[in-house]
file data-v1.csv (CSV, C-alpha atoms)
chain,number,residue,atom,x,y,z
A,1,MET,CA,-203.0,151.4,-73.6
A,2,PRO,CA,-200.1,152.6,-71.5
A,3,ILE,CA,-197.3,154.1,-73.6
A,4,ALA,CA,-193.7,153.1,-72.9
A,5,ARG,CA,-190.4,154.6,-74.3
A,6,GLY,CA,-187.2,152.7,-74.9
A,7,TYR,CA,-184.6,151.6,-77.4
A,8,ALA,CA,-185.2,148.8,-79.9
A,9,ALA,CA,-183.5,146.8,-82.6
A,10,THR,CA,-185.4,146.9,-85.9
A,11,ASP,CA,-183.3,144.4,-87.8
A,12,ALA,CA,-180.1,142.3,-87.3
A,13,SER,CA,-177.6,144.8,-88.6
A,14,SER,CA,-178.8,148.2,-87.5
A,15,PRO,CA,-178.0,150.0,-84.2
A,16,LEU,CA,-180.6,150.2,-81.5
A,17,THR,CA,-182.7,153.4,-81.7
A,18,PRO,CA,-185.4,155.2,-79.7
A,19,PHE,CA,-188.7,153.4,-79.9
A,20,THR,CA,-192.2,154.1,-78.5
A,21,PHE,CA,-194.7,151.2,-77.9
A,22,GLU,CA,-197.7,150.1,-76.0
A,23,ARG,CA,-197.7,148.1,-72.8
A,24,ARG,CA,-200.8,146.1,-71.9
A,25,GLU,CA,-203.5,147.5,-69.6
A,26,PRO,CA,-202.7,146.2,-66.0
A,27,ASN,CA,-204.9,143.3,-64.8
A,28,ASP,CA,-205.9,142.7,-61.2
A,29,ASP,CA,-202.8,140.6,-60.5
A,30,ASP,CA,-200.3,142.9,-62.3
A,31,VAL,CA,-197.6,145.1,-61.0
A,32,VAL,CA,-196.6,148.2,-62.9
A,33,ILE,CA,-192.9,149.0,-62.6
A,34,ASP,CA,-191.0,152.2,-63.2
A,35,ILE,CA,-187.7,150.8,-64.6
A,36,LYS,CA,-184.7,152.5,-63.1
A,37,PHE,CA,-181.9,150.3,-64.4
A,38,ALA,CA,-181.4,147.6,-67.0
A,39,GLY,CA,-178.3,145.4,-67.3
A,40,ILE,CA,-176.8,144.4,-70.6
A,41,CYS,CA,-176.5,140.7,-71.0
A,42,HIS,CA,-174.5,139.0,-73.8
A,43,SER,CA,-177.7,137.2,-74.8
A,44,ASP,CA,-179.2,140.6,-75.6
A,45,ILE,CA,-176.6,141.0,-78.3
A,46,HIS,CA,-177.1,137.4,-79.6
A,47,THR,CA,-180.8,138.0,-79.8
A,48,VAL,CA,-180.9,141.4,-81.5
A,49,ARG,CA,-178.3,140.4,-84.0
A,50,ASN,CA,-180.3,137.2,-84.7
A,51,GLU,CA,-177.3,135.0,-84.0
A,52,TRP,CA,-179.7,132.4,-82.5
A,53,LYS,CA,-182.0,132.6,-85.5
A,54,ASN,CA,-185.1,133.4,-83.5
A,55,ALA,CA,-185.4,137.2,-83.6
A,56,VAL,CA,-188.8,138.8,-84.2
A,57,TYR,CA,-188.4,142.6,-84.8
A,58,PRO,CA,-188.7,145.1,-83.4
A,59,ILE,CA,-187.1,144.0,-80.2
A,60,VAL,CA,-186.7,146.0,-77.0
A,61,PRO,CA,-184.1,143.9,-75.2
A,62,GLY,CA,-183.3,143.6,-71.5
A,63,HIS,CA,-184.0,141.0,-68.8
A,64,GLU,CA,-181.9,142.4,-66.0
A,65,ILE,CA,-184.5,144.9,-64.7
A,66,ALA,CA,-184.5,146.8,-61.5
A,67,GLY,CA,-187.1,149.4,-60.6
A,68,VAL,CA,-189.8,150.7,-58.3
A,69,VAL,CA,-193.4,149.7,-58.1
A,70,LYS,CA,-195.6,152.4,-59.6
A,71,ALA,CA,-199.0,150.7,-59.2
A,72,VAL,CA,-200.5,147.4,-58.3
A,73,GLY,CA,-203.7,145.6,-59.2
A,74,SER,CA,-206.5,145.0,-56.7
A,75,LYS,CA,-205.5,141.3,-56.2
A,76,VAL,CA,-201.8,142.0,-55.6
A,77,THR,CA,-200.7,141.1,-52.1
A,78,LYS,CA,-196.9,140.9,-52.2
A,79,PHE,CA,-196.0,144.4,-53.4
A,80,LYS,CA,-197.0,148.0,-52.8
A,81,VAL,CA,-196.2,151.3,-54.4
A,82,GLY,CA,-192.6,152.3,-53.8
A,83,ASP,CA,-191.2,148.8,-53.3
A,84,HIS,CA,-187.8,147.9,-54.9
A,85,VAL,CA,-188.4,145.1,-57.4
A,86,GLY,CA,-186.8,143.2,-60.2
A,87,VAL,CA,-187.8,141.3,-63.3
A,88,GLY,CA,-185.6,138.6,-64.8
A,89,CYS,CA,-185.6,136.4,-67.9
A,90,PHE,CA,-189.3,135.4,-68.0
A,91,VAL,CA,-192.6,136.9,-67.2
A,92,ASP,CA,-194.9,133.9,-67.3
A,93,SER,CA,-194.4,130.1,-67.3
A,94,CYS,CA,-196.2,126.8,-67.7
A,95,VAL,CA,-199.0,128.5,-69.6
A,96,GLY,CA,-200.3,125.1,-70.6
A,97,CYS,CA,-199.9,123.5,-67.2
A,98,ALA,CA,-202.7,122.9,-64.8
A,99,THR,CA,-200.4,123.7,-61.9
A,100,ARG,CA,-197.3,125.9,-61.9
A,101,ASP,CA,-194.1,124.0,-61.2
A,102,LEU,CA,-192.3,126.4,-58.8
A,103,ASP,CA,-189.0,124.6,-58.9
A,104,ASN,CA,-188.7,123.7,-62.6
A,105,GLU,CA,-190.8,126.2,-64.4
A,106,HIS,CA,-187.8,127.7,-66.3
A,107,TYR,CA,-187.1,124.3,-68.0
A,108,LEU,CA,-190.7,123.6,-69.1
A,109,PRO,CA,-192.5,124.4,-72.3
A,110,GLY,CA,-194.7,127.5,-72.3
A,111,LEU,CA,-192.1,129.8,-70.7
A,112,VAL,CA,-192.8,133.4,-71.8
A,113,GLN,CA,-189.5,135.4,-72.1
A,114,THR,CA,-189.3,139.0,-71.0
A,115,TYR,CA,-188.6,140.0,-74.6
A,116,ASN,CA,-188.7,138.5,-78.1
A,117,ASP,CA,-191.7,136.4,-77.2
A,118,VAL,CA,-195.4,136.8,-77.2
A,119,ASP,CA,-197.6,138.0,-74.4
A,120,THR,CA,-200.5,135.6,-74.0
A,121,LEU,CA,-202.2,138.1,-71.8
A,122,ASN,CA,-202.1,140.7,-74.5
A,123,GLY,CA,-203.5,139.0,-77.6
A,124,ASN,CA,-200.0,137.5,-78.3
A,125,ALA,CA,-198.5,140.9,-78.8
A,126,PRO,CA,-194.7,141.0,-78.6
A,127,THR,CA,-193.1,141.1,-75.2
A,128,HIS,CA,-190.6,143.9,-74.8
A,129,GLY,CA,-187.9,144.1,-72.2
A,130,GLY,CA,-186.1,146.4,-69.9
A,131,TYR,CA,-184.4,148.9,-72.2
A,132,SER,CA,-187.5,151.0,-71.5
A,133,ASP,CA,-189.1,153.2,-68.9
A,134,SER,CA,-191.8,150.9,-67.6
A,135,ILE,CA,-193.1,147.3,-67.7
A,136,VAL,CA,-196.3,145.5,-66.6
A,137,VAL,CA,-195.7,142.0,-65.0
A,138,LYS,CA,-197.9,139.5,-63.2
A,139,GLU,CA,-197.3,139.5,-59.5
A,140,GLY,CA,-195.9,136.0,-59.4
A,141,TYR,CA,-193.0,136.9,-61.7
A,142,VAL,CA,-191.9,140.0,-59.9
A,143,LEU,CA,-189.0,139.7,-57.5
A,144,SER,CA,-188.3,141.7,-54.3
A,145,ILE,CA,-184.9,143.4,-54.2
A,146,PRO,CA,-183.7,143.9,-50.7
A,147,GLU,CA,-183.7,147.5,-49.6
A,148,SER,CA,-180.1,147.1,-48.5
A,149,LEU,CA,-178.8,146.6,-52.0
A,150,PRO,CA,-178.4,149.5,-54.6
A,151,LEU,CA,-180.8,149.1,-57.5
A,152,ASP,CA,-178.2,149.8,-60.2
A,153,ALA,CA,-175.8,147.1,-59.2
A,154,SER,CA,-178.6,144.7,-58.4
A,155,ALA,CA,-180.0,144.6,-61.9
A,156,PRO,CA,-177.4,142.0,-63.2
A,157,LEU,CA,-178.4,139.7,-60.4
A,158,LEU,CA,-181.6,139.0,-62.3
A,159,CYS,CA,-179.7,137.0,-64.9
A,160,ALA,CA,-176.0,136.9,-64.3
A,161,GLY,CA,-176.5,136.3,-60.5
A,162,ILE,CA,-179.1,133.6,-60.8
A,163,THR,CA,-177.2,131.9,-63.7
A,164,LEU,CA,-174.3,131.2,-61.3
A,165,TYR,CA,-176.2,130.8,-58.0
A,166,SER,CA,-178.4,128.0,-59.4
A,167,PRO,CA,-175.5,125.6,-60.3
A,168,LEU,CA,-173.5,126.5,-57.2
A,169,ARG,CA,-176.5,125.6,-55.0
A,170,ARG,CA,-177.5,122.5,-57.0
A,171,TRP,CA,-173.9,121.1,-56.9
A,172,SER,CA,-173.6,122.0,-53.2
A,173,ALA,CA,-170.8,124.6,-53.3
A,174,GLY,CA,-169.7,125.3,-49.8
A,175,PRO,CA,-167.1,124.6,-47.1
A,176,GLY,CA,-164.7,121.9,-48.1
A,177,LYS,CA,-165.6,122.1,-51.8
A,178,LYS,CA,-163.1,123.2,-54.5
A,179,VAL,CA,-164.8,125.2,-57.2
A,180,ALA,CA,-163.3,126.5,-60.4
A,181,ILE,CA,-165.0,129.4,-62.4
A,182,VAL,CA,-163.9,129.4,-66.0
A,183,GLY,CA,-163.9,133.0,-67.3
A,184,MET,CA,-163.8,136.2,-65.3
A,185,GLY,CA,-166.5,138.3,-67.1
A,186,GLY,CA,-170.0,139.4,-66.3
A,187,LEU,CA,-171.0,135.8,-65.3
A,188,GLY,CA,-167.7,134.6,-64.0
A,189,HIS,CA,-167.2,137.5,-61.5
A,190,MET,CA,-170.6,136.7,-60.0
A,191,GLY,CA,-169.6,133.1,-59.6
A,192,VAL,CA,-166.5,134.1,-57.7
A,193,LYS,CA,-168.5,136.3,-55.3
A,194,LEU,CA,-171.3,133.9,-54.8
A,195,GLY,CA,-169.1,130.8,-54.4
A,196,ALA,CA,-166.9,132.5,-51.9
A,197,ALA,CA,-169.9,133.7,-49.9
A,198,MET,CA,-171.1,130.1,-49.8
A,199,GLY,CA,-167.8,129.1,-48.2
A,200,ALA,CA,-166.3,127.3,-51.2
A,201,ASP,CA,-162.6,127.4,-52.1
A,202,VAL,CA,-162.9,129.3,-55.4
A,203,THR,CA,-160.3,129.3,-58.2
A,204,VAL,CA,-160.6,131.4,-61.4
A,205,LEU,CA,-159.4,129.9,-64.7
A,206,SER,CA,-159.0,132.6,-67.2
A,207,GLN,CA,-157.2,133.0,-70.5
A,208,SER,CA,-154.7,135.4,-68.9
A,209,LEU,CA,-153.8,136.9,-65.5
A,210,SER,CA,-154.9,140.4,-66.5
A,211,LYS,CA,-157.9,140.3,-64.0
A,212,LYS,CA,-156.1,138.4,-61.3
A,213,ASP,CA,-156.1,141.2,-58.8
A,214,ASP,CA,-159.9,141.7,-59.3
A,215,GLY,CA,-160.5,137.9,-58.9
A,216,LEU,CA,-158.6,137.7,-55.6
A,217,LYS,CA,-160.3,140.9,-54.3
A,218,LEU,CA,-163.7,139.4,-55.1
A,219,GLY,CA,-163.1,136.3,-53.1
A,220,ALA,CA,-161.0,133.8,-55.2
A,221,LYS,CA,-158.3,131.9,-53.4
A,222,ASP,CA,-156.3,131.2,-56.6
A,223,TYR,CA,-156.2,132.4,-60.2
A,224,TYR,CA,-154.6,130.6,-63.1
A,225,ALA,CA,-154.0,131.4,-66.8
A,226,THR,CA,-155.4,128.7,-69.0
A,227,SER,CA,-153.0,129.9,-71.8
A,228,ASP,CA,-150.2,128.3,-69.8
A,229,ALA,CA,-150.1,124.5,-70.4
A,230,GLU,CA,-148.6,124.0,-67.0
A,231,THR,CA,-151.9,125.0,-65.4
A,232,PHE,CA,-153.6,121.8,-66.6
A,233,LYS,CA,-150.8,119.7,-65.3
A,234,LYS,CA,-150.6,121.4,-61.9
A,235,LEU,CA,-154.4,121.4,-61.3
A,236,ALA,CA,-155.2,117.9,-62.7
A,237,GLY,CA,-157.8,116.1,-60.4
A,238,THR,CA,-158.3,119.2,-58.2
A,239,PHE,CA,-161.9,120.4,-58.4
A,240,ASP,CA,-165.2,119.1,-57.2
A,241,LEU,CA,-167.1,121.5,-59.5
A,242,ILE,CA,-166.1,123.5,-62.6
A,243,ILE,CA,-168.6,126.1,-63.9
A,244,CYS,CA,-167.8,127.2,-67.5
A,245,THR,CA,-169.1,130.7,-68.2
A,246,VAL,CA,-167.4,131.3,-71.5
A,247,SER,CA,-168.7,131.0,-75.1
A,248,ALA,CA,-165.3,130.6,-76.7
A,249,GLU,CA,-164.0,127.3,-78.0
A,250,ILE,CA,-162.0,125.4,-75.3
A,251,ASP,CA,-160.4,122.0,-74.9
A,252,TRP,CA,-163.2,120.3,-73.0
A,253,ASN,CA,-161.3,117.2,-72.4
A,254,ALA,CA,-158.5,119.1,-70.8
A,255,TYR,CA,-160.9,120.9,-68.4
A,256,LEU,CA,-162.6,117.6,-67.5
A,257,GLY,CA,-159.2,116.4,-66.5
A,258,LEU,CA,-159.2,119.0,-63.8
A,259,LEU,CA,-162.1,117.3,-61.9
A,260,LYS,CA,-161.8,115.0,-59.0
A,261,PRO,CA,-163.4,111.5,-59.4
A,262,LYS,CA,-167.2,112.0,-59.5
A,263,GLY,CA,-166.7,115.7,-60.1
A,264,SER,CA,-169.0,117.8,-62.2
A,265,MET,CA,-168.4,120.4,-65.0
A,266,VAL,CA,-171.4,122.6,-65.6
A,267,VAL,CA,-171.9,124.7,-68.8
A,268,VAL,CA,-173.7,128.1,-68.4
A,269,GLY,CA,-172.0,129.8,-71.4
A,270,ALA,CA,-173.3,128.9,-74.9
A,271,PRO,CA,-170.6,128.0,-77.4
A,272,GLU,CA,-171.7,128.4,-81.0
A,273,ASN,CA,-170.4,125.0,-82.1
A,274,PRO,CA,-171.1,121.5,-80.6
A,275,ILE,CA,-169.0,120.5,-77.6
A,276,PRO,CA,-166.5,117.8,-78.5
A,277,VAL,CA,-166.0,115.4,-75.6
A,278,HIS,CA,-164.2,112.1,-75.6
A,279,ALA,CA,-166.1,109.4,-73.8
A,280,PHE,CA,-163.1,108.4,-71.7
A,281,SER,CA,-162.9,111.9,-70.3
A,282,LEU,CA,-166.1,111.1,-68.5
A,283,ILE,CA,-165.8,107.4,-68.0
A,284,PHE,CA,-162.5,107.5,-66.2
A,285,GLY,CA,-163.4,109.1,-62.9
A,286,ALA,CA,-167.2,108.8,-63.3
A,287,LYS,CA,-167.3,112.5,-64.2
A,288,GLU,CA,-170.3,114.6,-65.1
A,289,LEU,CA,-170.8,117.2,-67.8
A,290,SER,CA,-174.0,119.1,-67.4
A,291,GLY,CA,-175.8,122.3,-68.1
A,292,SER,CA,-177.7,124.9,-66.2
A,293,MET,CA,-180.0,127.8,-67.2
A,294,ILE,CA,-181.1,130.7,-64.8
A,295,GLY,CA,-183.4,129.6,-62.1
A,296,SER,CA,-187.1,129.5,-61.1
A,297,ILE,CA,-188.7,132.6,-59.6
A,298,LYS,CA,-188.6,130.8,-56.2
A,299,GLU,CA,-184.8,130.2,-56.5
A,300,THR,CA,-184.2,133.7,-57.9
A,301,GLN,CA,-185.9,135.2,-54.9
A,302,GLU,CA,-183.7,132.9,-52.7
A,303,MET,CA,-180.7,134.2,-54.5
A,304,LEU,CA,-181.7,137.9,-54.0
A,305,ASP,CA,-182.3,137.3,-50.3
A,306,PHE,CA,-178.9,135.6,-50.0
A,307,CYS,CA,-177.3,138.6,-51.7
A,308,GLY,CA,-179.1,140.9,-49.4
A,309,GLN,CA,-177.7,139.0,-46.4
A,310,LYS,CA,-174.2,138.9,-47.8
A,311,GLY,CA,-174.1,142.4,-49.4
A,312,ILE,CA,-173.5,140.9,-52.9
A,313,VAL,CA,-174.1,142.9,-56.0
A,314,SER,CA,-172.5,143.0,-59.5
A,315,GLU,CA,-169.5,145.1,-60.4
A,316,ILE,CA,-170.9,147.6,-62.9
A,317,GLU,CA,-170.2,150.4,-65.3
A,318,LYS,CA,-173.3,152.6,-65.5
A,319,ILE,CA,-174.1,154.2,-68.9
A,320,ASN,CA,-176.7,156.3,-70.6
A,321,ILE,CA,-179.1,154.7,-73.0
A,322,SER,CA,-177.6,156.6,-75.9
A,323,GLN,CA,-174.3,154.6,-75.3
A,324,VAL,CA,-175.9,151.2,-75.7
A,325,ASN,CA,-174.6,150.5,-79.2
A,326,GLU,CA,-171.0,151.4,-78.1
A,327,ALA,CA,-171.5,149.2,-75.0
A,328,TYR,CA,-172.4,146.2,-77.2
A,329,GLU,CA,-169.2,146.5,-79.1
A,330,ARG,CA,-167.2,146.8,-75.8
A,331,VAL,CA,-169.0,143.7,-74.5
A,332,LEU,CA,-167.8,141.8,-77.5
A,333,LYS,CA,-164.2,143.0,-76.8
A,334,SER,CA,-164.5,142.0,-73.1
A,335,ASP,CA,-164.0,145.7,-72.4
A,336,VAL,CA,-166.1,146.0,-69.3
A,337,ARG,CA,-165.6,145.2,-65.6
A,338,TYR,CA,-167.9,143.6,-65.3
A,339,ARG,CA,-171.5,144.4,-66.4
A,340,PHE,CA,-172.9,147.4,-68.2
A,341,VAL,CA,-176.1,148.8,-66.6
A,342,ILE,CA,-178.2,151.4,-68.3
A,343,ASP,CA,-179.5,154.3,-66.3
A,344,MET,CA,-183.0,154.6,-67.6
A,345,ALA,CA,-183.3,158.2,-66.4
A,346,SER,CA,-181.1,159.0,-69.3
A,347,LEU,CA,-184.1,158.5,-71.6
A,348,ASP,CA,-185.1,162.0,-70.6
A,349,ALA,CA,-181.7,163.5,-71.2
call {"tool": "encode", "arguments": {"input": "data-v1.csv", "output": "structure tokens"}}
result
Amino acid sequence: MPIARGYAATDASSPLTPFTFERREPNDDDVVIDIKFAGICHSDIHTVRNEWKNAVYPIVPGHEIAGVVKAVGSKVTKFKVGDHVGVGCFVDSCVGCATRDLDNEHYLPGLVQTYNDVDTLNGNAPTHGGYSDSIVVKEGYVLSIPESLPLDASAPLLCAGITLYSPLRRWSAGPGKKVAIVGMGGLGHMGVKLGAAMGADVTVLSQSLSKKDDGLKLGAKDYYATSDAETFKKLAGTFDLIICTVSAEIDWNAYLGLLKPKGSMVVVGAPENPIPVHAFSLIFGAKELSGSMIGSIKETQEMLDFCGQKGIVSEIEKINISQVNEAYERVLKSDVRYRFVIDMASLDA
């Protein structure tokens, strides 16, 4: 069995530490990837600290993976050695389905997550993610990263990028549409970039104005502080679409009041507590409150191609793997602009 090296969580309270483990032997339809960079997603922290109560240790986190093809199986046709590729939040889907649903696979039972799941192709051994030097993935779940994009800043596109691209596309963000992005963090800044590139009129709604210059530079037309009560009066009935990227407690009824009639508010952040919404906040104006989660492999490739055409990548701070525990604490303090990316070459340092 191929041996991989990485960093793992062994319980909910201990720091991540060096970890050696086995990857499966590649099958005919597998792609072997040398991982060059791995983004840090807030969901990595939720998982390794068992905040979602589903952790199975040890866990090698990481589902924002960018690397280079090292080897391919005999039946692989889409990739060759040396290609720039990515792996996102899942490595198999619809395992009980007769036919793969290319558009909705990420919402169906049987999804195999990149880490903290079981590999049905490897005797239900644990799946381990991108905080490691290599990974073996079925061809149909490997994504092509345009050569025009830097690998390090492309890694967060595999989660943060598609998480914002999917609702922007589904709710038709584009010319003539007013879009608000709630939160200017790892997810939110991608929403600003992507929404602006689609031609929408983008406004950032953030707790303070501390990141206003960044927001405007990345493509926002306006930027408002939600800590100012006047913001909700001034912007009432303004937006066609609001995408909420934050996990903090907010006044959902106040935000719904910012929508135009028949406008939509989409949740991509995951608050710990249930969302309290008054029925009349939806009834008056026929407004919609919905949710969205990543995208299919098909849509994720569409997103990467769009980013390649527009020159869009994440704003990153690159770190060594030994700094991962410090980076986690900084993420919790919102002390990163805007996504940490681990340089996996640092495993050899």
call {"tool": "residues_around", "arguments": {"input": "data-v1.csv", "residues": "Leu168 (chain A)", "least_positions_apart": "5", "cutoff": "10 Å", "atoms": "only C-alpha atoms", "output": "compact mmCIF listing (two decimals) with C-alpha atoms, in the frame of the given file"}}
result
# COMPACT_ATOMS: atom_id res chain seq x y z
CA ILE A 162 -179.10 133.60 -60.80
CA THR A 163 -177.20 131.90 -63.70
CA ALA A 173 -170.80 124.60 -53.30
CA GLY A 174 -169.70 125.30 -49.80
CA VAL A 179 -164.80 125.20 -57.20
CA GLY A 191 -169.60 133.10 -59.60
CA LEU A 194 -171.30 133.90 -54.80
CA GLY A 195 -169.10 130.80 -54.40
CA MET A 198 -171.10 130.10 -49.80
CA ALA A 200 -166.30 127.30 -51.20
CA LEU A 241 -167.10 121.50 -59.50
CA ILE A 242 -166.10 123.50 -62.60
CA ILE A 243 -168.60 126.10 -63.90
CA VAL A 266 -171.40 122.60 -65.60
call {"tool": "residues_around", "arguments": {"input": "data-v1.csv", "residues": "Leu258 (chain A)", "least_positions_apart": "5", "cutoff": "7 Å", "atoms": "all atoms listed in the file", "output": "list in words"}}
result
Phe232, Leu235, Ala236, Gly237, Thr238 and Phe239 of chain A
call {"tool": "closest_residue", "arguments": {"input": "data-v1.csv", "among": "A:Ser292, A:Asn50, A:Ser14, A:Asn273", "to": "Asn325 (chain A)", "atoms": "all atoms listed in the file"}}
result
A:Ser14
call {"tool": "atom_distance", "arguments": {"input": "data-v1.csv", "atom1": "CA of Pro156 (chain A)", "atom2": "CA of Val331 (chain A)"}}
result
14.2 Å
call {"tool": "atom_distance", "arguments": {"input": "data-v1.csv", "atom1": "CA of Tyr7 (chain A)", "atom2": "CA of Val95 (chain A)"}}
result
28.3 Å
call {"tool": "closest_residue", "arguments": {"input": "data-v1.csv", "among": "A:Ala286, A:Thr47, A:Tyr165, A:Ile297", "to": "Ala197 (chain A)", "atoms": "only C-alpha atoms"}}
result
A:Tyr165
call {"tool": "atom_distance", "arguments": {"input": "data-v1.csv", "atom1": "CA of Ile45 (chain A)", "atom2": "CA of Tyr328 (chain A)"}}
result
6.8 Å
call {"tool": "residues_around", "arguments": {"input": "data-v1.csv", "residues": "Tyr224 (chain A)", "least_positions_apart": "4", "cutoff": "8 Å", "atoms": "all atoms listed in the file", "output": "list in words"}}
result
Thr203, Val204, Leu205, Ser206, Ser208, Leu209 and Thr231 of chain A
call {"tool": "residues_near_point", "arguments": {"input": "data-v1.csv", "point": "(-170.7, 112.5, -64.0)", "cutoff": "7 Å", "atoms": "only C-alpha atoms", "output": "PyMOL selection string"}}
result
chain A and resi 262-264+282+286-289
call {"tool": "residues_near_point", "arguments": {"input": "data-v1.csv", "point": "(-180.1, 143.6, -51.8)", "cutoff": "10 Å", "atoms": "all atoms listed in the file", "output": "list in words"}}
result
His84, Ser144, Ile145, Pro146, Glu147, Ser148, Leu149, Pro150, Leu151, Ala153, Ser154, Leu157, Met303, Leu304, Asp305, Phe306, Cys307, Gly308, Gln309, Lys310, Gly311, Ile312 and Val313 of chain A
call {"tool": "closest_residue", "arguments": {"input": "data-v1.csv", "among": "A:Gly67, A:Pro175, A:Gly62, A:Gly88", "to": "Ala9 (chain A)", "atoms": "all atoms listed in the file"}}
result
A:Gly62
call {"tool": "closest_residue", "arguments": {"input": "data-v1.csv", "among": "A:Ile59, A:Ile294, A:Val87, A:Val68", "to": "Pro18 (chain A)", "atoms": "all atoms listed in the file"}}
result
A:Ile59
call {"tool": "closest_residue", "arguments": {"input": "data-v1.csv", "among": "A:Ser132, A:Ser346, A:Ser290, A:Ser227", "to": "Cys244 (chain A)", "atoms": "all atoms listed in the file"}}
result
A:Ser290
call {"tool": "closest_residue", "arguments": {"input": "data-v1.csv", "among": "A:Val81, A:Ile342, A:Val112, A:Ile283", "to": "Ala327 (chain A)", "atoms": "all atoms listed in the file"}}
result
A:Ile342
call {"tool": "residues_around", "arguments": {"input": "data-v1.csv", "residues": "Ala38 (chain A)", "least_positions_apart": "5", "cutoff": "6 Å", "atoms": "all atoms listed in the file", "output": "number ranges by chain"}}
result
A: 64-65, 130, 341-342
call {"tool": "write_last_selection", "arguments": {"input": "data-v1.csv", "atoms": "C-alpha atoms", "output": "tab-separated table (two decimals), in the coordinates of the input"}}
result
chain	number	residue	atom	x	y	z
A	64	GLU	CA	-181.90	142.40	-66.00
A	65	ILE	CA	-184.50	144.90	-64.70
A	130	GLY	CA	-186.10	146.40	-69.90
A	341	VAL	CA	-176.10	148.80	-66.60
A	342	ILE	CA	-178.20	151.40	-68.30
call {"tool": "residues_around", "arguments": {"input": "data-v1.csv", "residues": "Gly291 (chain A)", "least_positions_apart": "6", "cutoff": "9 Å", "atoms": "all atoms listed in the file", "output": "list in words"}}
result
Pro167, Met265, Val266, Val267 and Val268 of chain A
